[in-house]
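input.cif (mmCIF, C-alpha atoms (C1' of nucleotides))
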data_work
#
loop_
_atom_site.label_atom_id
_atom_site.label_comp_id
_atom_site.auth_asym_id
_atom_site.auth_seq_id
_atom_site.Cartn_x
_atom_site.Cartn_y
_atom_site.Cartn_z
CA MET A 25 200.63 188.73 81.56
CA ASP A 26 199.19 191.05 78.90
CA ASP A 27 202.38 190.66 76.95
CA ALA A 28 201.97 186.91 76.59
CA ILE A 29 199.85 187.33 73.46
CA ILE A 30 202.32 189.71 71.86
CA THR A 31 205.16 187.36 72.70
CA PHE A 32 203.22 184.46 71.22
CA ILE A 33 202.36 186.26 67.99
CA SER A 34 205.90 187.56 67.67
CA SER A 35 207.17 184.00 67.62
CA TYR A 36 205.40 183.61 64.27
CA ILE A 37 205.59 187.05 62.65
CA ASP A 38 207.40 190.33 63.30
CA LEU A 39 205.27 193.14 64.72
CA THR A 40 205.91 196.88 64.61
CA PRO A 41 205.30 198.86 67.83
CA ASP A 42 202.15 200.27 66.18
CA GLU A 43 200.80 196.83 65.41
CA LYS A 44 201.57 195.74 68.92
CA SER A 45 199.49 198.53 70.40
CA VAL A 46 196.60 197.81 68.02
CA ILE A 47 196.61 194.22 69.23
CA GLN A 48 196.90 195.29 72.86
CA ALA A 49 193.95 197.62 72.41
CA GLN A 50 191.75 194.86 71.01
CA ASN A 51 192.84 192.43 73.65
CA ILE A 52 190.09 191.53 76.11
CA ILE A 53 191.37 189.55 79.05
CA LYS A 54 189.19 187.93 81.68
CA THR A 55 189.83 185.81 84.74
CA TYR A 56 187.63 182.86 85.67
CA PRO A 57 187.48 180.88 88.89
CA LYS A 58 188.08 177.15 88.84
CA GLY A 59 185.03 175.26 87.60
CA THR A 60 183.71 178.03 85.33
CA VAL A 61 181.92 176.64 82.29
CA LEU A 62 183.11 178.68 79.31
CA LEU A 63 180.85 176.86 76.88
CA ALA A 64 178.05 174.38 77.55
CA HIS A 65 176.36 171.77 75.42
CA GLY A 66 173.70 173.54 73.38
CA ASP A 67 175.37 176.97 73.62
CA LEU A 68 176.36 179.05 70.64
CA ALA A 69 180.01 179.97 71.14
CA GLN A 70 180.44 183.74 70.98
CA ASP A 71 184.21 183.77 71.42
CA CYS A 72 187.38 181.92 70.81
CA PHE A 73 189.91 181.71 73.60
CA PHE A 74 193.61 182.01 74.21
CA ILE A 75 194.81 180.70 77.55
CA LEU A 76 197.26 182.97 79.34
CA LYS A 77 197.17 181.03 82.61
CA GLY A 78 195.39 177.92 83.79
CA CYS A 79 193.90 174.82 82.23
CA VAL A 80 190.68 174.22 80.29
CA ARG A 81 189.06 170.87 79.61
CA ARG A 82 186.86 169.90 76.66
CA TYR A 83 184.32 167.18 77.44
CA TYR A 84 181.09 165.56 76.35
CA ILE A 85 178.40 164.00 78.48
CA VAL A 86 177.79 160.48 77.20
CA ASP A 87 175.15 158.38 78.98
CA GLY A 88 175.41 160.74 81.94
CA ASP A 89 179.21 160.42 82.21
CA GLU A 90 181.76 163.08 81.38
CA ARG A 91 184.17 162.06 78.62
CA THR A 92 187.18 164.33 78.27
CA THR A 93 188.63 164.72 74.79
CA GLU A 94 191.14 167.55 75.16
CA PHE A 95 193.08 169.70 77.61
CA PHE A 96 194.29 173.20 76.88
CA THR A 97 196.99 174.98 78.85
CA GLU A 98 199.12 178.14 78.73
CA ASN A 99 199.66 179.61 75.25
CA GLN A 100 197.12 177.40 73.58
CA GLY A 101 194.20 178.70 71.56
CA ILE A 102 190.72 177.18 71.65
CA THR A 103 188.50 177.65 68.64
CA PRO A 104 185.22 175.91 69.45
CA VAL A 105 183.56 174.02 66.62
CA SER A 106 180.43 176.00 67.53
CA TYR A 107 182.35 179.26 66.96
CA LEU A 108 183.23 178.14 63.43
CA THR A 109 179.94 176.53 62.45
CA LYS A 110 177.53 178.81 64.36
CA GLN A 111 175.72 175.65 65.46
CA PRO A 112 174.96 174.74 69.10
CA SER A 113 177.94 173.14 70.78
CA ASP A 114 178.08 169.37 71.29
CA TYR A 115 180.63 169.71 74.05
CA TYR A 116 181.53 171.64 77.18
CA LEU A 117 184.57 173.77 77.95
CA SER A 118 185.34 174.34 81.59
CA CYS A 119 188.18 175.63 83.72
CA LEU A 120 190.05 172.95 85.66
CA GLU A 121 191.97 175.72 87.43
CA PRO A 122 191.55 179.45 87.96
CA CYS A 123 192.18 180.84 84.46
CA VAL A 124 193.31 184.01 82.75
CA ILE A 125 192.03 183.98 79.19
CA ALA A 126 192.12 186.33 76.21
CA LEU A 127 188.86 186.46 74.28
CA GLY A 128 188.33 186.89 70.56
CA SER A 129 184.97 187.61 68.96
CA ASP A 130 184.12 187.59 65.26
CA GLU A 131 183.89 191.38 65.16
CA ARG A 132 187.14 192.06 66.97
CA ASN A 133 189.04 189.41 65.04
CA GLN A 134 187.72 190.93 61.82
CA LEU A 135 188.87 194.38 62.92
CA LEU A 136 192.28 193.11 63.95
CA LEU A 137 192.76 191.44 60.58
CA GLU A 138 191.96 194.70 58.79
CA LYS A 139 194.36 196.72 60.90
CA VAL A 140 197.11 194.10 60.95
CA PRO A 141 196.77 192.19 57.68
CA LYS A 142 199.88 190.13 58.29
CA LEU A 143 197.95 188.30 60.96
CA ALA A 144 196.38 186.36 58.09
CA ARG A 145 199.70 184.58 57.64
CA LEU A 146 199.79 183.69 61.32
CA ILE A 147 196.30 182.28 61.13
CA ALA A 148 197.11 180.21 58.04
CA GLN A 149 200.24 178.85 59.69
CA MET A 150 198.46 178.04 62.94
CA SER A 151 195.63 176.29 61.07
CA THR A 152 198.13 174.09 59.30
CA GLU A 153 199.94 173.32 62.54
CA LEU A 154 196.66 172.48 64.23
CA LEU A 155 195.58 170.19 61.42
CA VAL A 156 198.90 168.36 61.42
CA LYS A 157 198.86 167.96 65.19
CA SER A 158 195.29 166.82 65.21
CA GLN A 159 195.97 164.20 62.55
CA ILE A 160 199.07 162.87 64.29
CA THR A 161 197.36 162.80 67.68
CA SER A 162 194.30 160.95 66.49
CA ASP A 163 196.36 158.48 64.45
CA ASN A 164 198.49 157.81 67.53
CA PHE A 165 195.39 157.23 69.61
CA LYS A 166 194.13 154.66 67.10
CA ASN A 167 197.46 152.90 66.89
CA MET A 168 197.85 152.41 70.66
CA ASN A 169 196.10 150.47 73.38
CA PRO A 170 195.18 152.18 76.67
CA GLU A 171 198.44 151.23 78.38
CA ASN A 172 200.59 152.61 75.59
CA ARG A 173 198.47 155.73 75.43
CA TYR A 174 199.20 156.36 79.08
CA LEU A 175 202.92 155.70 78.70
CA HIS A 176 202.96 157.96 75.65
CA LEU A 177 201.21 160.73 77.57
CA LEU A 178 203.74 160.41 80.38
CA GLU A 179 206.49 160.96 77.82
CA THR A 180 204.94 163.71 75.74
CA ARG A 181 202.93 165.70 78.30
CA PRO A 182 204.02 164.77 81.82
CA ASP A 183 202.76 168.19 82.95
CA LEU A 184 199.17 167.13 82.25
CA VAL A 185 199.46 163.97 84.31
CA ALA A 186 200.88 166.05 87.14
CA ARG A 187 198.30 168.83 87.24
CA ILE A 188 195.05 167.16 86.18
CA PRO A 189 192.84 164.80 88.22
CA LEU A 190 193.33 161.21 87.09
CA GLN A 191 189.63 160.68 86.41
CA HIS A 192 189.86 163.18 83.55
CA ILE A 193 193.14 161.77 82.29
CA ALA A 194 191.43 158.37 82.20
CA THR A 195 188.53 159.31 79.95
CA PHE A 196 190.92 161.41 77.85
CA LEU A 197 192.84 158.17 77.25
CA GLY A 198 189.65 156.31 76.40
CA MET A 199 189.18 154.31 79.58
CA THR A 200 187.53 154.47 83.01
CA PRO A 201 189.23 155.92 86.10
CA VAL A 202 189.19 152.46 87.71
CA SER A 203 191.06 151.01 84.74
CA LEU A 204 193.70 153.72 84.81
CA SER A 205 194.25 153.21 88.51
CA ARG A 206 194.70 149.46 87.99
CA LEU A 207 196.89 149.99 84.93
CA ARG A 208 199.19 152.32 86.88
CA LYS A 209 199.59 149.69 89.55
CA ARG A 210 200.32 147.02 86.92
CA ILE A 211 203.03 149.23 85.42
CA THR A 212 204.77 149.98 88.71
CA LEU A 213 204.77 146.27 89.57
CA LYS A 214 206.41 145.45 86.22
CA ARG A 215 209.52 147.53 86.85
CA MET B 19 186.08 163.06 34.72
CA ASP B 20 188.25 166.14 34.17
CA ASP B 21 185.29 168.26 35.09
CA ALA B 22 185.00 166.75 38.55
CA ILE B 23 187.52 169.23 39.96
CA ILE B 24 185.78 172.22 38.40
CA THR B 25 182.43 170.96 39.70
CA PHE B 26 183.92 170.51 43.14
CA ILE B 27 185.50 173.97 43.28
CA SER B 28 182.34 175.54 41.91
CA SER B 29 180.40 174.18 44.86
CA TYR B 30 182.46 176.56 47.03
CA ILE B 31 183.14 179.58 44.82
CA ASP B 32 181.95 180.89 41.45
CA LEU B 33 184.41 180.56 38.59
CA THR B 34 184.55 182.50 35.35
CA PRO B 35 185.14 180.51 32.12
CA ASP B 36 188.68 181.96 32.07
CA GLU B 37 189.39 180.77 35.57
CA LYS B 38 188.02 177.37 34.71
CA SER B 39 190.42 176.98 31.82
CA VAL B 40 193.37 178.13 33.95
CA ILE B 41 192.51 175.43 36.44
CA GLN B 42 192.01 172.84 33.71
CA ALA B 43 195.41 173.73 32.26
CA GLN B 44 197.16 173.23 35.59
CA ASN B 45 195.31 170.03 36.27
CA ILE B 46 197.52 166.95 36.18
CA ILE B 47 195.54 163.75 36.30
CA LYS B 48 197.02 160.30 36.68
CA THR B 49 195.64 156.80 36.92
CA TYR B 50 197.11 154.21 39.26
CA PRO B 51 196.50 150.47 39.41
CA LYS B 52 195.19 148.91 42.60
CA GLY B 53 197.92 148.51 45.19
CA THR B 54 200.02 151.48 44.06
CA VAL B 55 201.83 153.11 46.96
CA LEU B 56 201.43 156.86 46.51
CA LEU B 57 203.54 157.67 49.56
CA ALA B 58 205.71 155.41 51.69
CA HIS B 59 207.10 155.69 55.20
CA GLY B 60 210.26 157.76 54.96
CA ASP B 61 209.29 159.47 51.69
CA LEU B 62 209.08 163.21 51.24
CA ALA B 63 205.66 163.92 49.77
CA GLN B 64 205.99 165.88 46.52
CA ASP B 65 202.28 166.25 45.87
CA CYS B 66 198.90 166.54 47.41
CA PHE B 67 196.07 164.54 45.92
CA PHE B 68 192.46 164.88 44.94
CA ILE B 69 190.64 161.63 44.29
CA LEU B 70 188.48 161.61 41.18
CA LYS B 71 187.81 157.88 41.25
CA GLY B 72 188.81 155.05 43.56
CA CYS B 73 189.83 154.67 47.18
CA VAL B 74 193.07 155.45 49.03
CA ARG B 75 194.06 154.17 52.43
CA ARG B 76 196.35 155.83 54.99
CA TYR B 77 198.19 153.39 57.24
CA TYR B 78 201.15 152.95 59.54
CA ILE B 79 203.23 149.87 60.16
CA VAL B 80 203.28 149.22 63.92
CA ASP B 81 205.20 146.19 65.17
CA GLY B 82 205.09 144.76 61.67
CA ASP B 83 201.32 145.14 61.35
CA GLU B 84 199.44 147.59 59.16
CA ARG B 85 197.20 149.98 61.11
CA THR B 86 194.77 151.92 58.96
CA THR B 87 193.83 155.40 60.17
CA GLU B 88 191.90 156.88 57.25
CA PHE B 89 190.16 156.14 53.97
CA PHE B 90 189.74 158.63 51.15
CA THR B 91 187.24 158.28 48.33
CA GLU B 92 185.81 160.28 45.41
CA ASN B 93 185.97 164.08 45.79
CA GLN B 94 188.21 163.99 48.83
CA GLY B 95 191.54 165.76 49.02
CA ILE B 96 194.61 164.28 50.68
CA THR B 97 197.23 166.66 52.01
CA PRO B 98 199.99 164.50 53.50
CA VAL B 99 201.56 165.76 56.72
CA SER B 100 204.88 165.28 54.93
CA TYR B 101 203.73 167.65 52.16
CA LEU B 102 203.08 170.35 54.75
CA THR B 103 206.07 169.80 57.00
CA LYS B 104 208.65 168.74 54.37
CA GLN B 105 209.63 165.98 56.79
CA PRO B 106 209.79 162.25 55.88
CA SER B 107 206.36 160.65 56.09
CA ASP B 108 205.43 158.48 59.06
CA TYR B 109 202.68 156.77 57.14
CA TYR B 110 201.83 155.13 53.84
CA LEU B 111 199.19 156.04 51.28
CA SER B 112 198.15 153.32 48.91
CA CYS B 113 195.38 152.63 46.42
CA LEU B 114 192.80 150.09 47.56
CA GLU B 115 191.28 150.22 44.08
CA PRO B 116 192.36 151.42 40.65
CA CYS B 117 192.43 155.20 41.10
CA VAL B 118 192.14 158.36 39.05
CA ILE B 119 193.80 161.17 40.97
CA ALA B 120 194.50 164.87 40.38
CA LEU B 121 197.94 165.94 41.60
CA GLY B 122 198.97 169.26 43.09
CA SER B 123 202.57 170.32 43.67
CA ASP B 124 203.83 173.33 45.58
CA GLU B 125 204.82 175.11 42.37
CA ARG B 126 201.56 174.51 40.52
CA ASN B 127 199.44 175.34 43.54
CA GLN B 128 201.39 178.56 43.94
CA LEU B 129 200.81 179.43 40.30
CA LEU B 130 197.13 178.63 40.51
CA LEU B 131 196.73 180.87 43.54
CA GLU B 132 198.37 183.76 41.70
CA LYS B 133 196.18 183.35 38.63
CA VAL B 134 192.98 182.63 40.55
CA PRO B 135 193.32 184.49 43.84
CA LYS B 136 189.81 183.63 44.96
CA LEU B 137 191.02 180.10 45.46
CA ALA B 138 192.49 181.37 48.75
CA ARG B 139 188.98 181.59 50.11
CA LEU B 140 188.28 178.01 49.05
CA ILE B 141 191.42 176.83 50.79
CA ALA B 142 190.58 178.70 53.98
CA GLN B 143 187.07 177.27 53.99
CA MET B 144 188.27 173.74 53.31
CA SER B 145 190.90 173.99 56.06
CA THR B 146 188.23 174.98 58.55
CA GLU B 147 185.94 172.18 57.42
CA LEU B 148 188.77 169.70 57.70
CA LEU B 149 189.69 170.85 61.18
CA VAL B 150 186.10 170.65 62.37
CA LYS B 151 185.62 167.20 60.85
CA SER B 152 188.89 165.96 62.26
CA GLN B 153 188.01 167.18 65.77
CA ILE B 154 184.53 165.67 65.70
CA THR B 155 185.78 162.37 64.29
CA SER B 156 188.53 161.93 66.84
CA ASP B 157 186.27 162.97 69.74
CA ASN B 158 183.71 160.41 68.56
CA PHE B 159 186.37 157.74 68.40
CA LYS B 160 187.38 158.47 71.98
CA ASN B 161 183.82 158.48 73.22
CA MET B 162 182.89 155.10 71.76
CA ASN B 163 183.90 151.50 72.33
CA PRO B 164 184.76 149.25 69.36
CA GLU B 165 181.20 147.97 68.96
CA ASN B 166 179.69 151.45 68.86
CA ARG B 167 182.42 152.61 66.49
CA TYR B 168 181.41 149.88 64.08
CA LEU B 169 177.70 150.66 64.39
CA HIS B 170 178.45 154.34 63.93
CA LEU B 171 180.47 153.62 60.80
CA LEU B 172 177.63 151.53 59.41
CA GLU B 173 175.35 154.54 59.86
CA THR B 174 177.63 157.30 58.68
CA ARG B 175 179.69 155.63 55.95
CA PRO B 176 178.05 152.36 54.90
CA ASP B 177 179.80 152.74 51.53
CA LEU B 178 183.18 152.14 53.22
CA VAL B 179 182.04 148.95 54.92
CA ALA B 180 180.74 147.73 51.56
CA ARG B 181 183.78 148.45 49.41
CA ILE B 182 186.75 147.96 51.74
CA PRO B 183 188.20 144.66 53.05
CA LEU B 184 187.15 144.09 56.66
CA GLN B 185 190.73 143.70 57.86
CA HIS B 186 191.32 147.36 57.08
CA ILE B 187 187.99 148.46 58.54
CA ALA B 188 189.00 146.61 61.72
CA THR B 189 192.28 148.43 62.33
CA PHE B 190 190.60 151.69 61.27
CA LEU B 191 188.16 151.08 64.14
CA GLY B 192 191.01 150.33 66.53
CA MET B 193 190.72 146.56 66.78
CA THR B 194 191.94 143.35 65.16
CA PRO B 195 190.21 141.69 62.18
CA VAL B 196 189.39 138.70 64.38
CA SER B 197 187.62 140.95 66.88
CA LEU B 198 185.59 142.67 64.19
CA SER B 199 184.51 139.35 62.75
CA ARG B 200 183.41 138.14 66.19
CA LEU B 201 181.72 141.45 66.97
CA ARG B 202 179.72 141.30 63.74
CA LYS B 203 178.50 137.85 64.64
CA ARG B 204 177.57 139.01 68.15
CA ILE B 205 175.54 141.88 66.69
CA THR B 206 173.61 139.73 64.22
CA LEU B 207 172.77 137.26 66.98
CA LYS B 208 171.43 140.09 69.17
CA ARG B 209 168.70 141.13 66.72
"C1'" DG C 21 188.45 127.36 34.85
"C1'" DC C 22 191.95 126.11 38.14
"C1'" DG C 23 195.40 126.80 41.39
"C1'" DA C 24 197.22 130.03 44.44
"C1'" DT C 25 196.65 133.67 47.23
"C1'" DT C 26 194.14 136.51 50.15
"C1'" DA C 27 190.22 137.44 53.02
"C1'" DC C 28 187.19 136.01 56.46
"C1'" DT C 29 185.38 133.09 60.15
"C1'" DT C 30 185.49 130.19 64.10
"C1'" DA C 31 187.22 128.21 68.37
"C1'" DA C 32 190.03 127.96 72.52
"C1'" DC C 33 192.68 130.40 75.53
"C1'" DT C 34 194.76 134.57 77.74
"C1'" DA C 35 194.88 139.29 79.01
"C1'" DA C 36 192.75 143.52 79.77
"C1'" DG C 37 189.03 146.71 80.41
"C1'" DG C 38 184.06 147.72 82.27
"C1'" DT C 39 181.07 147.67 86.41
"C1'" DT C 40 179.83 147.87 91.08
"C1'" DA C 41 180.76 148.69 95.58
"C1'" DA C 42 183.55 149.32 99.66
"C1'" DC C 43 187.25 151.71 101.51
"C1'" DT C 44 191.15 155.17 101.94
"C1'" DT C 45 193.14 159.46 100.98
"C1'" DT C 46 193.01 164.14 99.72
"C1'" DT C 47 190.86 168.46 99.16
"C1'" DT C 48 187.45 171.83 100.07
"C1'" DT C 49 184.24 174.23 102.90
"C1'" DT C 50 182.65 176.27 106.94
"C1'" DA D 26 189.99 171.84 113.10
"C1'" DA D 27 186.14 169.12 111.93
"C1'" DA D 28 182.82 167.76 108.64
"C1'" DA D 29 181.68 167.06 104.01
"C1'" DA D 30 182.77 166.29 99.44
"C1'" DA D 31 185.67 164.72 95.89
"C1'" DA D 32 189.32 161.87 94.18
"C1'" DG D 33 191.75 157.76 94.06
"C1'" DT D 34 192.44 152.76 95.09
"C1'" DT D 35 191.32 148.02 95.55
"C1'" DA D 36 188.78 143.71 94.94
"C1'" DA D 37 185.43 140.58 92.81
"C1'" DC D 38 183.04 139.49 88.95
"C1'" DC D 39 181.67 139.88 84.09
"C1'" DT D 40 182.35 141.06 79.35
"C1'" DT D 41 185.11 141.91 75.58
"C1'" DA D 42 189.42 142.26 72.96
"C1'" DG D 43 194.06 140.13 71.76
"C1'" DT D 44 196.44 135.89 70.17
"C1'" DT D 45 197.17 131.72 67.80
"C1'" DA D 46 195.85 128.40 64.83
"C1'" DA D 47 192.85 125.86 61.86
"C1'" DG D 48 189.43 125.81 58.52
"C1'" DT D 49 186.30 127.93 54.94
"C1'" DA D 50 185.13 131.25 51.40
"C1'" DA D 51 186.19 134.59 47.98
"C1'" DT D 52 189.22 136.70 44.66
"C1'" DC D 53 193.04 137.09 41.46
"C1'" DG D 54 196.22 135.85 37.93
"C1'" DC D 55 197.33 133.02 34.31
#
For this file, write the structure as structure tokens.
Amino acid sequence: MDDAIITFISSYIDLTPDEKSVIQAQNIIKTYPKGTVLLAHGDLAQDCFFILKGCVRRYYIVDGDERTTEFFTENQGITPVSYLTKQPSDYYLSCLEPCVIALGSDERNQLLLEKVPKLARLIAQMSTELLVKSQITSDNFKNMNPENRYLHLLETRPDLVARIPLQHIATFLGMTPVSLSRLRKRITLKR
Amino acid sequence: MDDAIITFISSYIDLTPDEKSVIQAQNIIKTYPKGTVLLAHGDLAQDCFFILKGCVRRYYIVDGDERTTEFFTENQGITPVSYLTKQPSDYYLSCLEPCVIALGSDERNQLLLEKVPKLARLIAQMSTELLVKSQITSDNFKNMNPENRYLHLLETRPDLVARIPLQHIATFLGMTPVSLSRLRKRITLKR
DNA sequence: GCGATTACTTAACTAAGGTTAACTTTTTTT
DNA sequence: AAAAAAAGTTAACCTTAGTTAAGTAATCGC
């Protein structure tokens, strides 16, 4: 499990054994039971996260209802807006499953960057990837109606539909759980 | 007008007179008449853009209809996904108004970075800002229905509603022009 | 300034999503 | 294993968005 981070980083840049051990040494890994709130509305995020095992959900509370906007699973990083801006968080992060997560703080990330300068390239590349993905995802969302969003999710991330309660999938797709349930029925009747 | 870029960069980092002239020298500025397509579906983007004057629209063609996903106005940069990925573009960029735009190519950006290394910090900071904005914007879109999206746009970017044809505002908000027209009437009747 | 084009509005109709509440199924807890 | 809680489904009703088409207003090009 500890090696997952090294494996991940190595898929972007080559690491010497020395660099690997520096990274290992800085690597703080924690496990959280299902339901743990990693970040709450109003909190100042102290860490960014890298998911080794499990699933984390990002959500807002709007008029008393939870509205999910993102899911994160194995080998995905989470950099909270609050971590970047140092402002209180607008949203929540919580574990949908028992999770194993690597933590990064400002200080330790700073230290890592000094000891392994080539990580800067990784960060630049990941930022670009994230920006591209985020643009494509939000454009797709705008260009589709709820039904097509669901069909698209089934194609692109069937794993999410399988492992996550439908009520969260529903708000993630911009609709209510009742609508998703009805929509699913409509689709199965069609074919 | 030429100074707009220097002014913009200076709001992030301090520039020496020398650095300013290096940037000025590399600065290629072009004017485009209204309706010019800066990037078409299938094109490989050669440049990224910085809008000095005017308004650019990003849109897709879905089932024969244009679906707008973003507007760019004065002092905003446009980095096409195609520019980053070197893959054919999925979307179009076109000028909604006569535009004055600064162009950046890979080669010239590379050269600029070598001559003015502190620009790297600007780029890093802008990337972060972009990512944060993009996350907040797309979360907001998910959390609102069409009516609230329109009201929110009126509050946050009234300039767009004033200067851009409603048909494009409509698809940008995820609905049809007919719906937006009806919705506007509904709102005015309410108050 | 006039004709042509484009943008916007309105109306009628259809389809889909929101809301509430009852009910069933599944999961969790003890 | 039983009870409690949570998740999912279904139905009825209401509101809103999509569609098509016609009509009005605004803008553009010559």
key: Option closest in space to chain C, from B:Leu114, B:Leu129, B:Leu184, B:Leu191 [counting only C-alpha atoms (C1' of nucleotides)]   = B:Leu184
key: Contact residues around C:DT30 with only C-alpha atoms (C1' of nucleotides) at 9 Å, ignoring same-chain residues under 4 positions, as a list of chain:residue names   =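 Contacts, in chain order: B:Arg200, D:DA47, D:DG48.
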Just write the chosen residues, C-alpha atoms (C1' of nucleotides), as a PDB file, in the coordinates of the input.
ATOM      1  CA  ARG B 200     183.410 138.140  66.190  1.00  0.00           C
TER       2      ARG B 200
ATOM      3  C1'  DA D  47     192.850 125.860  61.860  1.00  0.00           C
ATOM      4  C1'  DG D  48     189.430 125.810  58.520  1.00  0.00           C
TER       5       DG D  48
END
Which residues are near A:Leu143? Cut-off 9 Å, all atoms listed in the file, ignore same chain within fewer than 5 positions. Put them as a PDB file with C-alpha atoms, keeping the file's coordinate frame.
ATOM      1  CA  ILE A  33     202.360 186.260  67.990  1.00  0.00           C
ATOM      2  CA  ILE A  37     205.590 187.050  62.650  1.00  0.00           C
ATOM      3  CA  LEU A 136     192.280 193.110  63.950  1.00  0.00           C
ATOM      4  CA  LEU A 137     192.760 191.440  60.580  1.00  0.00           C
ATOM      5  CA  ALA A 148     197.110 180.210  58.040  1.00  0.00           C
TER       6      ALA A 148
END
task = Within 12 Å of D:DT44, counting only C-alpha atoms (C1' of nucleotides), which residues show up once you throw out same-chain ones fewer than 4 positions away? Write them as a list in words, please.
result =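 Within the cut-off, the hits are Thr194, Pro195, Val196 and Ser197 of chain B; DA32, DC33, DT34 and DA35 of chain C.
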Residues matched by the PyMOL selection byres ((chain A and resi 98-101) around 10), written as a CSV table (one decimal) with C-alpha atoms, in the frame of the given file:
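Everything below was put into result-v6.csv:
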chain,number,residue,atom,x,y,z
A,28,ALA,CA,202.0,186.9,76.6
A,29,ILE,CA,199.8,187.3,73.5
A,31,THR,CA,205.2,187.4,72.7
A,32,PHE,CA,203.2,184.5,71.2
A,72,CYS,CA,187.4,181.9,70.8
A,73,PHE,CA,189.9,181.7,73.6
A,74,PHE,CA,193.6,182.0,74.2
A,75,ILE,CA,194.8,180.7,77.6
A,76,LEU,CA,197.3,183.0,79.3
A,77,LYS,CA,197.2,181.0,82.6
A,78,GLY,CA,195.4,177.9,83.8
A,79,CYS,CA,193.9,174.8,82.2
A,80,VAL,CA,190.7,174.2,80.3
A,95,PHE,CA,193.1,169.7,77.6
A,96,PHE,CA,194.3,173.2,76.9
A,97,THR,CA,197.0,175.0,78.8
A,102,ILE,CA,190.7,177.2,71.6
A,103,THR,CA,188.5,177.6,68.6
A,104,PRO,CA,185.2,175.9,69.4
A,123,CYS,CA,192.2,180.8,84.5
A,124,VAL,CA,193.3,184.0,82.8
A,125,ILE,CA,192.0,184.0,79.2
A,126,ALA,CA,192.1,186.3,76.2
A,127,LEU,CA,188.9,186.5,74.3
A,150,MET,CA,198.5,178.0,62.9
A,154,LEU,CA,196.7,172.5,64.2
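Here atom CA of A:Gly59 is placed at a distance of 6.1 Å from atom CA of A:Ser118.
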